[in-house]
2 protein chains.
Amino acid sequence: MWHYLKRLLIGKPLKTTDEGGQALTKFKALALLSSDALSSVAYGTEQILTVLFALSAAATWYTLPAVAIVLVLLFAITMSYRQIIHAYPSGGGAYVVATKNWGTGTGLIAGGSLLVDYMLTVAVSVTSGTEAITSAIPLLRPYSIAISVVIVLFIMTLNLRGMKDSASFLTIPVYTFVIILIGMIGWGTYNILAGKLVYHAAAAVGSTVPGMTMILFLKAFSAGSSSLTGVEAISNAVPNFKKPKRKNAANTLAIMAVLLGTFLTGVTFLSYYLGIMPNSNETVLSQIGSTVFGRGIFYYLLQLATALILAVAANTGFSAFPILAYNLAKDKFMPHMYMDKGDRLAYSNGVISLAVGAIVLIFIFHGKTNLLIPLYAVGVFVPFTLSQSGMIIHWFRERGRNWIINALINLLGTVISLALVIFLFWLHFTNVWPYLIIMPALLFGFYKIHDHYVTVAAQLRLNNEQAKLHDYNGATVIVLVSSVTHVTTGAINYARSIGDYVIAMHVSFDTNPKKEHETAKEFKDSFPDVRFVDLHSSYRSVAGPVLRFCDVIAKNSREKNYSTTVLVPQFVPRKPWQNILHNQTSLRLRAVLNSRENIIVATYSYHLKK
Amino acid sequence: MWHYLKRLLIGKPLKTTDEGGQALTKFKALALLSSDALSSVAYGTEQILTVLFALSAAATWYTLPAVAIVLVLLFAITMSYRQIIHAYPSGGGAYVVATKNWGTGTGLIAGGSLLVDYMLTVAVSVTSGTEAITSAIPLLRPYSIAISVVIVLFIMTLNLRGMKDSASFLTIPVYTFVIILIGMIGWGTYNILAGKLVYHAAAAVGSTVPGMTMILFLKAFSAGSSSLTGVEAISNAVPNFKKPKRKNAANTLAIMAVLLGTFLTGVTFLSYYLGIMPNSNETVLSQIGSTVFGRGIFYYLLQLATALILAVAANTGFSAFPILAYNLAKDKFMPHMYMDKGDRLAYSNGVISLAVGAIVLIFIFHGKTNLLIPLYAVGVFVPFTLSQSGMIIHWFRERGRNWIINALINLLGTVISLALVIFLFWLHFTNVWPYLIIMPALLFGFYKIHDHYVTVAAQLRLNNEQAKLHDYNGATVIVLVSSVTHVTTGAINYARSIGDYVIAMHVSFDTNPKKEHETAKEFKDSFPDVRFVDLHSSYRSVAGPVLRFCDVIAKNSREKNYSTTVLVPQFVPRKPWQNILHNQTSLRLRAVLNSRENIIVATYSYHLKK
């Protein structure tokens, strides 16, 4: 039943050698890897407007210069990342670049930031997508958290199916969004030129706004920098591209940057011209759409496409997080389980962890995009800073052709990213402070895990002496008996096949002495040849007396050069729910006995037929 | 650490023979078993007032006749229960009485109702206690759910310590409440007679109230019947009394009924005379208290005593639920684990289940007493009806002295209880309907569990033929090897001590053929004498290939009349959290291999020292 369901949701298992087929064309890669960046249009302008609108409606004209600076940053960061693509074609992104050039500690800061950041990517994209839906259908507003959670689970399922399947599926919403957004900007501009859309701006560009300060402008602009999130995705996924990988990746990045720049410009201009103000019930993009298109088919298509591209953007996190977790696990900084590939060649544990993390974030932040964004931006720009600055070191070390120009480009990227990190901590501290708790905790965890793996490996390594085998003279087997049944017969048969000396052991608690000896009598009647020991427990605990007895037997065995086995019989019910009706004691006993190095615990499972 | 904490909270383990000392004197029993009934004063009158006040302030005078009828019921039900105490001195309450006289099915309805009802007892008492606290200290109102949960957990801890300890502890709040309530009623009456408290009733008794209907009156009265909850507690706990058990129990019941009747009359009269109206921020009792005493020391003492007696009332659930669960488990209708006594002779699993259930109810009903009460009352009056009517059958069967009078007394109890059940379903259906879902589900569960235990016992019973032992010719042992380490050496040593034929088995997935054979080579270099099998998995699943291989070996072994053991080596890290970094595969493998009846799974635990 579970298997059938799993097969239905996840698809049939793939062989390891099927892996080659999963490479991405530029067309698909643009859909899968650029969606995070492109979808930022859905919230980027709105973030700036929200900060400015808190002062006054007139202040919103500052959105235009703020976005202009964001565009400059977009250009600089795109140039920087093109260089990273060429220098590090094996992907891995900020973690790899920072580790190689700055060292492990810095690399781990970048890696840790990104782990959290991918969760935030998923959370932000999904909540923002939900807002696109509830803007169009206000009826659904009370269920926004539930909608977000369902979307996360849906994307998780797609990803457990493996990446290529997902990609084919996901091109449609991305390209629909691209077309509808070009259409909206084009149609809006045409109507403005044709005079059909009326100029409605709250204040002309350049008008003096009382109370406007540089700090407020920087706050607005740094909130708008969230439009740049996702630009790094392509550089992390170079190995997933079709050959020539670097060239394809670099070109995809360029196409994406042009599209993003166009969208940002268009949306911001329209929002200014139409005098759109932020509003907690309807997104800015939805307001522009309904003004330009009217509440008709194109408007609903816009909202649908926005929601869908944001879902695809969430998917970017799902393609990046498991790879990063894999890299960290390979370097022994995260549990090995993140290296296991699932039935469909996806790193299932990474996919599931990401979904859980994102859902937790959605609950903590009540599914509100604007509360999540500053933290998200910090999570993005810290690794940006580290990888860009790492690239400067890279160029300096290599000192190849044009290295100074290359280094200067990355220096520009570094300065911009660092400035944004400073602005975010300074001006958005109320939303950003959790970063200062999460990061040290993650780093502590990384090092703890690393230490553990290194210590374990050292302890387990075989030297010549330890590789020598030891010959025991025989084996002692203790069979635990709770009552004399079928199961007992089977367990004793087995014990005699492996043991040279077999003891059956029973623990009784009943204060009624007649009943206490019942099991003993029954056993001796049925198996007169097997040695039987009856222990009495005054404290109704089985574990204590069993452990004490087994320790004594194990000590005697050792003296005779015998090994010691404790056989715990259990029955396996036909249906899993029935387990709750049995086995509590045997579970407990196995756990306790496993604490002894010289005792081997074996389980005899009797399977109930009915 | 855990042990130390457990010892601190629960106390040192008691021997099974320590049990006799836990019997209750009348003085203690009144505290421990009557608190549920007495504390109903904190919400009973209020429930009636709330229903009437929804019509108009004038309607509240009907509280007086409603309470008068409740008093009649109290008398009838007390008489009925005195008879049950004498007829069934071994306790067990409605479940036992209904089972013995009506049969298993009816008994289970009573038992199931009571299980849920005890959870509701805890939930209602604790939320009502919290309301007493927040009435006195309005500052705490936003935290009422948290306060309720903490109180439940606190009472749970007390109960895990065992009943006698709790009883000594709990007499103080109960008697404080009794004294302060007598004081309040006395002082209030004195002041009324002395003319210091002004007559303030909303309408004189007997005045016509527009819109008042019989149905509304019945609705108010049935809500007020919640004052009778808890009357059964003493009859369930007869075996806990000091000898002469029946007489002590019957007398305690009588004292309790007199106290309860006095309190109900007094509180209702004062609330009428002073014109107190229900109010969601302050309880009726708190309003009476602050009018009679003023907001001074006595008022706060009243609130404190109310909160504390309600906590003790919650404790009644904790003494009754585990005993009922024990009885149901003994009859194979609930999991056996409810029969295990903990370190301190309490049925720990019952105590913990009850706490969890109560906390869930508190969350579902947002910690609001008045939402919980109708369901609570149904849960009480269904078993009341079944046990009272069962008693009629009992008297008819026995036909001893005065049997007709006895039967008539119980008939009166039956009719009253049944009428209340009907009123509650009819007039409070919006709060009561969950009962119609929970009960069938519980009954279904009871029967499923019963069937299972009966089937299992039949399957396990030894007949003479099965008691004969079988002699194997030898033992095959398969050692799973993931990498060649220390652990491997130990596992192979052990395997050779128990096995006549030892095979080491490794599963490799790497597509890189060089790496794939590394483990094989390492193994053969270290242990040239041990047979080594290398399996290749194309699907990265260890479980599948291992299971297939073990099945083949087990079949061959069977043909040679050998037993088959699979030895899974694992290492046990020094700290439990480190387990997450290892062992996922070995856990999975053990689970899969346990599905085979002819394969015994043994675990070799290597303990890491660092």
# chains A, B, ... in the order shown; residues from 1 in each chain; ligands from 1

call {"tool": "closest_atom_pairs", "arguments": {"of": "chain B", "to": "chain A", "cutoff": "6 Å", "atoms": "only C-alpha atoms", "output": "CSV"}}
result
residue,atom,partner,partner_atom,distance
B:Lys15,CA,A:Tyr539,CA,5.0
B:Thr16,CA,A:Ser538,CA,5.9
B:Pro335,CA,A:Leu581,CA,4.9
B:Leu460,CA,A:His486,CA,5.1
B:Arg461,CA,A:Thr485,CA,5.4
B:Leu462,CA,A:Thr485,CA,5.2
B:Ala467,CA,A:Ser526,CA,5.9
B:His470,CA,A:Asn493,CA,5.7
B:Tyr472,CA,A:Ser497,CA,5.4
B:Gly474,CA,A:Ser497,CA,5.6
B:Ala475,CA,A:Ile498,CA,5.8
B:Thr485,CA,A:Leu462,CA,5.2
B:His486,CA,A:Leu460,CA,5.0
B:Asn493,CA,A:His470,CA,5.7
B:Ser497,CA,A:Tyr472,CA,5.4
B:Ile498,CA,A:Ile498,CA,4.7
B:Ser526,CA,A:Ala467,CA,5.9
B:Ser538,CA,A:Lys15,CA,5.2
B:Tyr539,CA,A:Lys15,CA,4.9
B:Leu581,CA,A:Pro335,CA,4.9
B:Ile600,CA,A:Tyr604,CA,5.4
B:Val601,CA,A:Thr603,CA,5.5
B:Ala602,CA,A:Ala602,CA,3.8
B:Thr603,CA,A:Val601,CA,5.5
B:Tyr604,CA,A:Ile600,CA,5.5

call {"tool": "select_by_dssp", "arguments": {"residues": "range 172-332 of chain A", "states": "alpha helix (DSSP H)", "output": "PyMOL selection string"}}
result
chain A and resi 172-193+214-224+233-236+245-273+284-293+297-330

call {"tool": "residues_around", "arguments": {"residues": "Gly317 in chain B", "least_positions_apart": "3", "cutoff": "8 Å", "atoms": "only C-alpha atoms", "output": "compact mmCIF listing (two decimals) with C-alpha atoms, in the first residue's frame"}}
result
# COMPACT_ATOMS: atom_id res chain seq x y z
CA TYR B 118 -12.11 11.61 32.52
CA MET B 119 -10.20 13.52 29.91
CA THR B 121 -12.99 16.13 33.74
CA VAL B 122 -9.37 17.11 33.64
CA ALA B 313 -10.78 17.66 40.84
CA ALA B 314 -8.65 17.19 37.76
CA ALA B 320 -9.96 6.99 37.96
CA PHE B 321 -8.73 6.85 34.35

call {"tool": "atom_distance", "arguments": {"atom1": "CA of Ile172 in chain A", "atom2": "CA of Ala355 in chain A"}}
result
23.1 Å

call {"tool": "residues_around", "arguments": {"residues": "Asn236 in chain B", "least_positions_apart": "2", "cutoff": "10 Å", "atoms": "only C-alpha atoms", "output": "ChimeraX atom specification"}}
result
/B:33,81,84-85,88-96,231-234,238-240,249,319-320,323-324

call {"tool": "residues_around", "arguments": {"residues": "Ala254 in chain B", "least_positions_apart": "2", "cutoff": "12 Å", "atoms": "only C-alpha atoms", "output": "PyMOL selection string"}}
result
chain B and resi 26+30+34+74-83+85+231-232+234-235+247-252+256-261

call {"tool": "write_last_selection", "arguments": {"atoms": "C-alpha atoms", "output": "PDB file, in the first residue's frame"}}
result
ATOM      1  CA  LYS B  26     -12.393   9.003  54.978  1.00  0.00           C
ATOM      2  CA  LEU B  30     -13.163  13.180  50.810  1.00  0.00           C
ATOM      3  CA  SER B  34     -15.085  14.506  46.274  1.00  0.00           C
ATOM      4  CA  LEU B  74     -28.378  15.072  43.536  1.00  0.00           C
ATOM      5  CA  PHE B  75     -30.334  13.342  46.278  1.00  0.00           C
ATOM      6  CA  ALA B  76     -31.636  10.609  43.951  1.00  0.00           C
ATOM      7  CA  ILE B  77     -28.293   9.930  42.370  1.00  0.00           C
ATOM      8  CA  THR B  78     -26.507   9.840  45.714  1.00  0.00           C
ATOM      9  CA  MET B  79     -28.988   7.227  46.940  1.00  0.00           C
ATOM     10  CA  SER B  80     -28.421   5.209  43.786  1.00  0.00           C
ATOM     11  CA  TYR B  81     -24.682   5.291  44.134  1.00  0.00           C
ATOM     12  CA  ARG B  82     -24.767   4.279  47.780  1.00  0.00           C
ATOM     13  CA  GLN B  83     -26.422   1.108  46.591  1.00  0.00           C
ATOM     14  CA  ILE B  85     -21.034   0.922  46.633  1.00  0.00           C
ATOM     15  CA  VAL B 231     -20.664  12.125  42.150  1.00  0.00           C
ATOM     16  CA  GLU B 232     -19.685   8.677  40.849  1.00  0.00           C
ATOM     17  CA  ILE B 234     -16.357   7.516  45.204  1.00  0.00           C
ATOM     18  CA  SER B 235     -18.226   4.423  44.011  1.00  0.00           C
ATOM     19  CA  LYS B 247     -19.207   1.737  55.019  1.00  0.00           C
ATOM     20  CA  ASN B 248     -16.437   4.309  54.787  1.00  0.00           C
ATOM     21  CA  ALA B 249     -17.151   4.860  51.126  1.00  0.00           C
ATOM     22  CA  ALA B 250     -20.915   5.203  51.617  1.00  0.00           C
ATOM     23  CA  ASN B 251     -20.434   7.685  54.460  1.00  0.00           C
ATOM     24  CA  THR B 252     -17.947   9.727  52.490  1.00  0.00           C
ATOM     25  CA  MET B 256     -20.023  14.930  50.028  1.00  0.00           C
ATOM     26  CA  ALA B 257     -23.649  15.147  48.875  1.00  0.00           C
ATOM     27  CA  VAL B 258     -24.582  17.305  51.866  1.00  0.00           C
ATOM     28  CA  LEU B 259     -21.676  19.663  51.243  1.00  0.00           C
ATOM     29  CA  LEU B 260     -22.389  19.904  47.541  1.00  0.00           C
ATOM     30  CA  GLY B 261     -26.102  20.579  48.154  1.00  0.00           C
TER      31      GLY B 261
END
